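Undergrad: There's a structure below that I have some questions on.
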Amino acid sequence: MDIKLEKKPWYIRYRYYLIGGILFVAFLIYVITLSLGPRKLRIDAEDIQIAEVKVSNFMEYVDVEGLIQPILTIKINTREAGSVERIVGEEGSLLQQGDTILVLSNPDLLRSIEDQRDEWEKQMITYQEQEIEMEQKSLNLKQQALTNNYELERLKKSIALDREEFQMGVKSKAQLQVAEDEYGYKLKNAALQQESLRHDSAVTMIRKELIRNDRERERKKYERTCERLNSLVITAPLKGQLSFVKVTPGQQVSSGESIAEIKVLDQYKIHTSLSEYYIDRITTGLPATVNYQGNKYPLKITKVVPEVKDRMFDVDLVFTGDMPDNVRVGKSFRVQIELGQPEQALIIPRGNFYQSTGGQWIYKVNTSKTKAVRVPLSIGRQNPQQYEIVEGLQPGDWVITTGYDTFGDAEELILK
């Protein structure tokens, strides 16, 4: 006998379809929820660096690479033209002040010096002749004055005798008057001769002084000419290392031509270039340090070149204390130039987050260190090791400082 089968309810008959539909709807809801909610990314905590935000000393400084250079480099120029006779100093050798570098020859200069010497000797003879003439003239005037004085004394005695004879009636008054007139003439003439002698003495003194000045001037002129001969021997003006000599034996050089270079190695300086961003803050006298093999060596800025080339400007620094043992010309050191005094500030270590975010935001880690979310950030000053936090974080917060090039646009990071 047939058994009548009861028809199953629709939810039983279509249960698999219902289950599948429910699962599909749940999946859609999940996807929509993910798309509408914050974008998340799971990362390995060992692949990133987490740093604490703390209040600590902040020193604003610039870290650059500097090159060791000699404290002074001297260009050696010729003072006289000539041909290179021989080169004495060897390139790279250490010279003392006054050591010979090279010797020049100049036959024309030698002839000029000989002509100048002949002219000097002629001038000396001329000066001597002038002095002899003045002495002879003075002697003649003195001889004339002596003769006049003798005549005055003789006339004076003769007038006294004529007066006695006049009183005795031997001579007339006219004869006495003639004798007295002659005596008065001789007396005036003697006074004029004395005045001429005094004038001649004054003129002679002046002329002798002029001659002495002319002689001294000619002597110095001759000595300067002789010094030109000494200029044919090129010597080291200071103690240092002869870097190079750029002439060869027999080569003709002109006056004022650069022929060698000396580096003064008693002290060294560090030359570096900085970004134009710091040009208003870098001044002479600013302190700096070189950290080498665990030791710090102090320096200070001695020269700032204000000219900007390729957005950089040059700075020179000198050591103010001890120097590293292995300082050599051309060796490079890392230099930290201080831009101010240490100050208390809210800081975080440097990381590549700044390059990815521009310092506008950072991932802040929760207290359990299981996830991190984006938070806005404001950065102030910075140095090669730290950033100063102006706004967005508090002391004790933890942030992610590295790995930002792999996070993409994730707004939340899940740490595992």
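Identifiers in this document derive from the order of the structure tokens: chains are assigned A, B, ..., residues are numbered from 1 separately in each chain, and ligands are numbered from 1 in order of occurrence.
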Using only C-alpha atoms, find each residue in range 195-251 of chain A having at least one atom no more than 12 Å away from range 144-148 of chain A; report its shortest atom-to-atom pair and that distance in Å (one decimal), rows by chain then rising number, as CSV.
TA:
residue,atom,partner,partner_atom,distance
A:Glu195,CA,A:Ala145,CA,10.1
A:Ser196,CA,A:Ala145,CA,9.5
A:Leu197,CA,A:Ala145,CA,8.0
A:Arg198,CA,A:Ala145,CA,11.1
Undergrad: For each of A:Met134, A:Val64, A:Leu187, A:Val247, take the minimum atom-to-atom distance to Glu153 in chain A, counting only C-alpha atoms, then give the residue where this is smallest.
TA: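 The answer is A:Leu187, which sits nearest to Glu153 in chain A.
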Undergrad: Would you please give, as a list of chain:residue names, all residues of range 193-257 of chain A that DSSP assigns to strand (DSSP E or B) based on the backbone?
TA: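 Result set for range 193-257 of chain A (strand (DSSP E or B)): A:Val233, A:Ile234, A:Thr235, A:Gly240, A:Gln241, A:Leu242, A:Ser243, A:Phe244, A:Val245, A:Gln252, A:Val253.
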Undergrad: Quick one: everything within 12 Å of Glu135 in chain A, counting only C-alpha atoms, minus sequence neighbours fewer than 2 positions away in the same chain. Send it as a list in words.
TA: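 My reading of the contact set: Gln128, Glu129, Gln130, Glu131, Ile132, Glu133, Lys137, Ser138, Leu139, Asn140, Leu141, Lys142, Asp200, Ser201, Val203, Thr204, Met205, Arg207 and Lys208 of chain A.
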